[in-house]
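> Take a look at start-v7.tsv, TSV, C-alpha atoms:
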```
chain	number	residue	atom	x	y	z
A	1	MET	CA	-97.03	4.48	-66.93
A	2	PRO	CA	-98.26	1.05	-65.94
A	3	ALA	CA	-97.25	0.15	-62.42
A	4	PRO	CA	-94.86	-2.78	-61.94
A	5	ASP	CA	-96.27	-5.88	-60.23
A	6	TYR	CA	-94.53	-5.11	-56.95
A	7	VAL	CA	-96.27	-1.70	-56.81
A	8	LEU	CA	-99.66	-3.30	-57.53
A	9	LYS	CA	-99.06	-5.75	-54.66
A	10	LEU	CA	-98.12	-2.90	-52.34
A	11	ARG	CA	-101.21	-0.95	-53.39
A	12	LYS	CA	-103.41	-3.88	-52.30
A	13	LYS	CA	-101.94	-3.46	-48.81
A	14	ILE	CA	-101.73	0.34	-48.50
A	15	GLY	CA	-104.52	1.52	-50.79
A	16	ASN	CA	-104.01	5.03	-52.18
A	17	ASP	CA	-101.64	6.16	-49.41
A	18	PRO	CA	-98.40	7.89	-50.46
A	19	LEU	CA	-95.78	5.55	-51.90
A	20	TRP	CA	-92.06	6.36	-52.35
A	21	VAL	CA	-90.90	4.94	-55.69
A	22	PRO	CA	-87.43	4.86	-57.29
A	23	GLY	CA	-87.53	6.26	-60.81
A	24	VAL	CA	-85.23	7.11	-63.69
A	25	ARG	CA	-85.33	9.67	-66.49
A	26	GLY	CA	-83.14	9.84	-69.59
A	27	VAL	CA	-81.91	12.75	-71.67
A	28	VAL	CA	-81.06	10.73	-74.79
A	29	VAL	CA	-79.07	12.73	-77.35
A	30	ASP	CA	-78.24	11.63	-80.90
A	31	ALA	CA	-75.22	12.58	-83.05
A	32	ALA	CA	-77.10	15.62	-84.39
A	33	GLY	CA	-77.68	16.93	-80.85
A	34	ARG	CA	-81.40	16.14	-80.87
A	35	VAL	CA	-83.21	14.93	-77.74
A	36	LEU	CA	-85.53	11.90	-77.67
A	37	LEU	CA	-89.01	12.70	-76.32
A	38	ALA	CA	-92.21	10.75	-75.86
A	39	GLN	CA	-95.75	12.07	-75.71
A	40	ARG	CA	-97.28	10.24	-72.76
A	41	ALA	CA	-100.51	8.31	-73.22
A	42	ASP	CA	-101.80	9.13	-69.71
A	43	ASN	CA	-101.70	12.93	-69.90
A	44	ARG	CA	-100.70	13.66	-73.53
A	45	GLN	CA	-97.73	15.75	-72.37
A	46	TRP	CA	-94.30	15.56	-74.00
A	47	ALA	CA	-91.60	14.27	-71.68
A	48	LEU	CA	-88.23	12.63	-71.42
A	49	VAL	CA	-88.45	8.84	-71.26
A	50	SER	CA	-88.84	7.80	-67.64
A	51	GLY	CA	-89.96	4.88	-65.58
A	52	MET	CA	-90.05	3.00	-62.30
A	53	LEU	CA	-87.26	0.68	-61.29
A	54	GLU	CA	-87.92	-2.93	-60.37
A	55	PRO	CA	-86.72	-4.16	-56.94
A	56	GLY	CA	-82.93	-4.59	-57.04
A	57	GLU	CA	-82.61	-3.10	-60.54
A	58	GLN	CA	-79.61	-0.88	-61.12
A	59	PRO	CA	-80.77	2.63	-62.18
A	60	ALA	CA	-78.70	2.81	-65.40
A	61	ARG	CA	-79.83	-0.65	-66.52
A	62	GLY	CA	-83.43	0.17	-65.64
A	63	LEU	CA	-83.29	3.33	-67.73
A	64	VAL	CA	-81.83	1.48	-70.72
A	65	ARG	CA	-84.71	-1.02	-70.38
A	66	GLU	CA	-87.34	1.75	-70.14
A	67	ILE	CA	-85.96	3.63	-73.15
A	68	PHE	CA	-86.01	0.51	-75.30
A	69	GLU	CA	-89.44	-0.66	-74.08
A	70	GLU	CA	-91.02	2.71	-74.79
A	71	THR	CA	-89.18	3.86	-77.94
A	72	ALA	CA	-87.25	0.92	-79.51
A	73	VAL	CA	-84.08	3.00	-79.12
A	74	VAL	CA	-80.92	1.54	-77.60
A	75	ALA	CA	-79.12	4.12	-75.47
A	76	GLU	CA	-76.03	4.14	-73.29
A	77	PRO	CA	-75.96	6.16	-70.05
A	78	GLU	CA	-72.93	8.46	-69.86
A	79	ARG	CA	-73.35	10.27	-66.56
A	80	VAL	CA	-75.76	11.09	-63.76
A	81	VAL	CA	-77.22	14.56	-64.30
A	82	SER	CA	-79.26	14.96	-61.13
A	83	VAL	CA	-80.86	13.19	-58.20
A	84	GLY	CA	-83.92	14.51	-56.44
A	85	ALA	CA	-87.43	14.03	-55.13
A	86	VAL	CA	-90.30	14.66	-57.55
A	87	GLY	CA	-93.94	14.90	-56.57
A	88	PRO	CA	-96.16	14.04	-54.90
A	89	PHE	CA	-98.45	13.08	-57.77
A	90	THR	CA	-102.05	11.99	-57.38
A	91	TYR	CA	-103.19	9.75	-60.20
A	92	PRO	CA	-106.79	9.61	-61.49
A	93	ASN	CA	-107.45	6.45	-59.44
A	94	GLY	CA	-106.38	8.30	-56.26
A	95	ASP	CA	-102.96	6.66	-55.86
A	96	VAL	CA	-100.35	9.05	-54.48
A	97	CYS	CA	-96.66	8.62	-55.39
A	98	GLU	CA	-93.48	10.55	-54.86
A	99	PHE	CA	-90.41	9.60	-56.87
A	100	LEU	CA	-86.71	9.47	-56.15
A	101	ASP	CA	-85.71	10.63	-59.62
A	102	VAL	CA	-82.28	9.82	-61.04
A	103	VAL	CA	-81.67	11.64	-64.35
A	104	PHE	CA	-79.01	10.39	-66.77
A	105	LEU	CA	-77.46	11.86	-69.89
A	106	CYS	CA	-77.53	9.07	-72.48
A	107	ARG	CA	-75.96	8.60	-75.89
A	108	TYR	CA	-78.03	7.18	-78.75
A	109	VAL	CA	-76.60	3.83	-79.86
A	110	SER	CA	-79.10	2.33	-82.33
A	111	GLY	CA	-82.72	1.81	-83.28
A	112	THR	CA	-85.43	3.81	-84.98
A	113	ALA	CA	-87.50	5.88	-82.56
A	114	ARG	CA	-91.13	4.76	-82.56
A	115	VAL	CA	-93.98	4.12	-80.18
A	116	ASN	CA	-93.02	0.70	-78.83
A	117	ASP	CA	-95.64	0.13	-76.11
A	118	ASP	CA	-98.87	1.63	-74.79
A	119	GLU	CA	-97.23	4.25	-72.55
A	120	SER	CA	-96.78	6.79	-75.38
A	121	VAL	CA	-98.85	8.07	-78.27
A	122	ALA	CA	-95.90	9.64	-80.12
A	123	VAL	CA	-92.10	9.52	-80.00
A	124	GLY	CA	-89.58	11.75	-81.75
A	125	TRP	CA	-86.24	13.50	-81.89
A	126	PHE	CA	-86.25	17.26	-81.27
A	127	GLY	CA	-83.59	19.92	-81.67
A	128	ILE	CA	-83.05	22.16	-78.66
A	129	ASP	CA	-84.62	25.06	-80.56
A	130	GLU	CA	-87.74	23.05	-81.48
A	131	LEU	CA	-88.74	21.39	-78.20
A	132	PRO	CA	-92.48	21.13	-77.57
A	133	GLU	CA	-93.95	22.20	-74.24
A	134	LEU	CA	-92.65	19.68	-71.71
A	135	MET	CA	-93.77	18.30	-68.38
A	136	ALA	CA	-92.57	20.27	-65.37
A	137	GLY	CA	-88.88	19.77	-64.66
A	138	HIS	CA	-88.05	18.03	-67.94
A	139	LEU	CA	-86.68	21.13	-69.67
A	140	THR	CA	-84.49	21.78	-66.64
A	141	SER	CA	-83.19	18.20	-66.89
A	142	ILE	CA	-82.31	18.76	-70.56
A	143	HIS	CA	-80.45	22.00	-69.83
A	144	ARG	CA	-78.53	20.40	-66.95
A	145	ALA	CA	-77.64	17.36	-69.09
A	146	LEU	CA	-76.33	19.46	-71.96
A	147	ALA	CA	-74.32	21.80	-69.72
A	148	SER	CA	-70.78	20.76	-68.97
A	149	ALA	CA	-71.03	19.82	-65.32
A	150	GLU	CA	-68.46	18.03	-63.26
A	151	ALA	CA	-70.94	16.73	-60.69
A	152	ALA	CA	-74.58	15.72	-60.52
A	153	HIS	CA	-77.08	18.34	-59.37
A	154	PHE	CA	-78.90	17.74	-56.10
A	155	GLU	CA	-80.78	19.83	-53.57
A	156	PRO	CA	-78.90	20.17	-50.26
```
If you took the structure in this file and wrote it as structure tokens, what would it be?

Amino acid sequence: MPAPDYVLKLRKKIGNDPLWVPGVRGVVVDAAGRVLLAQRADNRQWALVSGMLEPGEQPARGLVREIFEETAVVAEPERVVSVGAVGPFTYPNGDVCEFLDVVFLCRYVSGTARVNDDESVAVGWFGIDELPELMAGHLTSIHRALASAEAAHFEP
């Protein structure tokens, strides 16, 4: 995913050192119970739509923005599924990031799923029984989102 301007400015100051970044991930489900997935351009893996938040951006609003930017789908967050730390990840340029990951269950509202920017090479709806191999942790997020839970999951 392309880094927001504020991250690029920070990287000029700290180089490749570890950076803590707030992120969001969405389990978007349509009326047929299918889940929206994107095949990432950077590693060609299938994943839930995710992204970095801008400074001061509310997580739910940031996720709605990311979903639309990447897939042309309008979604509405319904509940927080989980909150946790993900990473660290070392990118090909040597940058190290760890993410505070807030996962939401979202309801499809409108739009036709398509590749809408350069972050994905494919986008599609998948039934639970036809999911492709997913990035680590994404299948767990789907199962948690679709389970009837009264509270968000977190590690103590």
> Using only C-alpha atoms, which residues of stretch 81-138 of chain A come within 9 Å of stretch 18-22 of chain A, and what is the closest atom pair for each, with the distance in Å to one decimal? Give it as a tab-separated table, sorted by chain and residue number.

```
residue	atom	partner	partner_atom	distance
A:Pro88	CA	A:Pro18	CA	7.9
A:Phe89	CA	A:Pro18	CA	9.0
A:Thr90	CA	A:Pro18	CA	8.8
A:Asp95	CA	A:Pro18	CA	7.2
A:Val96	CA	A:Pro18	CA	4.6
A:Cys97	CA	A:Leu19	CA	4.7
A:Glu98	CA	A:Trp20	CA	5.1
A:Phe99	CA	A:Val21	CA	4.8
A:Leu100	CA	A:Pro22	CA	4.8
A:Asp101	CA	A:Pro22	CA	6.5
A:Val102	CA	A:Pro22	CA	8.1
```
> Work out where the centre of an axis-aligned box around every listed atom of stretch 22-34 of chain A lies and how long its edges are once 5 Å is added on each side; give both in Å to one decimal as AutoDock Vina command-line options.

```
--center_x -81.4 --center_y 10.9 --center_z -70.8 --size_x 22.3 --size_y 22.1 --size_z 37.1
```
> With a distance cut-off of 9 Å and all atoms listed in the file, select the neighbouring residues of A:Phe126, excluding the residue or stretch itself and same-chain residues fewer than 6 positions from it, and output the selection as a VMD selection string.
chain A and resid 33 to 37 132
> Using only C-alpha atoms, which protein or nucleic acid residues come within 10 Å of A:Arg44? Drop anything in the same chain fewer than 4 positions from it, and give the result as a PyMOL selection string.
chain A and resi 38-40+120-122+135
> Contacts of A:Ala75 at 10 Å or less, counting all atoms listed in the file, minus same-chain residues fewer than 4 places along, as a list of chain:residue names?
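The neighbour list is A:Gly26, A:Val27, A:Val28, A:Val29, A:Asp30, A:Leu63, A:Val64, A:Arg65, A:Ile67, A:Phe68, A:Leu105, A:Cys106, A:Arg107, A:Tyr108, A:Val109, A:Ser110, A:Gly111.
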> Go ahead and write the residues just picked, C-alpha atoms, as a PDB file, keeping the file's coordinate frame.

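And here's part13.pdb as it stands now:
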```
ATOM      1  CA  GLY A  26     -83.140   9.840 -69.590  1.00  0.00           C
ATOM      2  CA  VAL A  27     -81.910  12.750 -71.670  1.00  0.00           C
ATOM      3  CA  VAL A  28     -81.060  10.730 -74.790  1.00  0.00           C
ATOM      4  CA  VAL A  29     -79.070  12.730 -77.350  1.00  0.00           C
ATOM      5  CA  ASP A  30     -78.240  11.630 -80.900  1.00  0.00           C
ATOM      6  CA  LEU A  63     -83.290   3.330 -67.730  1.00  0.00           C
ATOM      7  CA  VAL A  64     -81.830   1.480 -70.720  1.00  0.00           C
ATOM      8  CA  ARG A  65     -84.710  -1.020 -70.380  1.00  0.00           C
ATOM      9  CA  ILE A  67     -85.960   3.630 -73.150  1.00  0.00           C
ATOM     10  CA  PHE A  68     -86.010   0.510 -75.300  1.00  0.00           C
ATOM     11  CA  LEU A 105     -77.460  11.860 -69.890  1.00  0.00           C
ATOM     12  CA  CYS A 106     -77.530   9.070 -72.480  1.00  0.00           C
ATOM     13  CA  ARG A 107     -75.960   8.600 -75.890  1.00  0.00           C
ATOM     14  CA  TYR A 108     -78.030   7.180 -78.750  1.00  0.00           C
ATOM     15  CA  VAL A 109     -76.600   3.830 -79.860  1.00  0.00           C
ATOM     16  CA  SER A 110     -79.100   2.330 -82.330  1.00  0.00           C
ATOM     17  CA  GLY A 111     -82.720   1.810 -83.280  1.00  0.00           C
TER      18      GLY A 111
END
```
> If we count all atoms listed in the file and set the cut-off at 12 Å, which residues sit around A:Arg144, ignoring sequence neighbours fewer than 3 positions away in its own chain? Please answer as a ChimeraX atom specification.
/A:26-27,79-83,103-105,137-141,147-154
> Work out how far apart atom CA of A:Ile14 and atom CA of A:Pro59 are and give it in Å to one decimal.
25.1 Å
> Using atom CA of A:Ala85 and atom CA of A:Ala145 as the two end points, give the distance in Å to one decimal.
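Between atom CA of A:Ala85 and atom CA of A:Ala145 the gap is 17.4 Å.
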> When you count only C-alpha atoms, which of these residues is closest to A:Gly127: A:Lys12, A:Gly94, A:Val74, A:Ile142?
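Ranked by minimum distance to A:Gly127, first place goes to A:Ile142.
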> Hey, which of A:Asn93, A:Ala41, A:Thr112, A:Ala31 ends up closest to A:Gly124? Count all atoms listed in the file.
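Result for the nearest residue to A:Gly124: A:Thr112.
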> Any idea what the distance is between atom CA of A:Leu53 and atom CA of A:Arg11?
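These atoms are spaced 16.1 Å apart.
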> Pick the closest to A:Val73 from A:Met52, A:Leu10, A:Ala60, A:Val115: which is it, counting all atoms listed in the file?
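The answer is A:Val115, which sits nearest to A:Val73.
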> Nearest to A:Trp46 among A:Asp129, A:Glu119, A:Asp17, A:Asp5, with distances taken over all atoms listed in the file: which residue is it?
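Selected residue with least distance to A:Trp46: A:Glu119.
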> Using only C-alpha atoms, which residue out of A:Leu8, A:Lys13, A:Gly62, A:Glu70 lies closest to A:Val49?
A:Glu70
> Hey, which of A:Pro92, A:Glu66, A:Pro4, A:Asp118 ends up closest to A:Glu54? Count all atoms listed in the file.
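Closest to A:Glu54 of all the choices is A:Pro4.
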> If I only have part of stretch 91-106 of chain A, can you fill in N, CA and C atoms and write it as a compact mmCIF listing (two decimals), in the frame of the given file?

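What landed in rebuild_31.txt:
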```
# COMPACT_ATOMS: atom_id res chain seq x y z
N TYR A 91 -102.71 10.29 -58.93
CA TYR A 91 -103.19 9.75 -60.20
C TYR A 91 -104.71 9.71 -60.21
N PRO A 92 -105.33 9.60 -61.40
CA PRO A 92 -106.79 9.61 -61.49
C PRO A 92 -107.49 8.59 -60.59
N ASN A 93 -106.83 7.46 -60.30
CA ASN A 93 -107.45 6.45 -59.44
C ASN A 93 -107.26 6.76 -57.96
N GLY A 94 -106.59 7.89 -57.64
CA GLY A 94 -106.38 8.30 -56.26
C GLY A 94 -105.04 7.89 -55.67
N ASP A 95 -104.28 7.05 -56.35
CA ASP A 95 -102.96 6.66 -55.86
C ASP A 95 -102.05 7.87 -55.77
N VAL A 96 -101.30 7.95 -54.67
CA VAL A 96 -100.35 9.05 -54.48
C VAL A 96 -98.94 8.45 -54.49
N CYS A 97 -98.06 9.05 -55.30
CA CYS A 97 -96.66 8.62 -55.39
C CYS A 97 -95.74 9.82 -55.33
N GLU A 98 -94.58 9.60 -54.76
CA GLU A 98 -93.48 10.55 -54.86
C GLU A 98 -92.29 9.74 -55.34
N PHE A 99 -91.48 10.33 -56.22
CA PHE A 99 -90.41 9.60 -56.87
C PHE A 99 -89.04 10.10 -56.45
N LEU A 100 -88.13 9.17 -56.21
CA LEU A 100 -86.71 9.47 -56.15
C LEU A 100 -86.26 9.39 -57.59
N ASP A 101 -85.95 10.53 -58.19
CA ASP A 101 -85.71 10.63 -59.62
C ASP A 101 -84.22 10.76 -59.91
N VAL A 102 -83.67 9.78 -60.63
CA VAL A 102 -82.28 9.82 -61.04
C VAL A 102 -82.27 10.10 -62.54
N VAL A 103 -81.70 11.23 -62.94
CA VAL A 103 -81.67 11.64 -64.35
C VAL A 103 -80.29 11.36 -64.91
N PHE A 104 -80.26 10.71 -66.09
CA PHE A 104 -79.01 10.39 -66.77
C PHE A 104 -78.94 11.09 -68.12
N LEU A 105 -77.74 11.49 -68.51
CA LEU A 105 -77.46 11.86 -69.89
C LEU A 105 -77.11 10.56 -70.60
N CYS A 106 -77.75 10.31 -71.74
CA CYS A 106 -77.53 9.07 -72.48
C CYS A 106 -77.17 9.38 -73.93
```
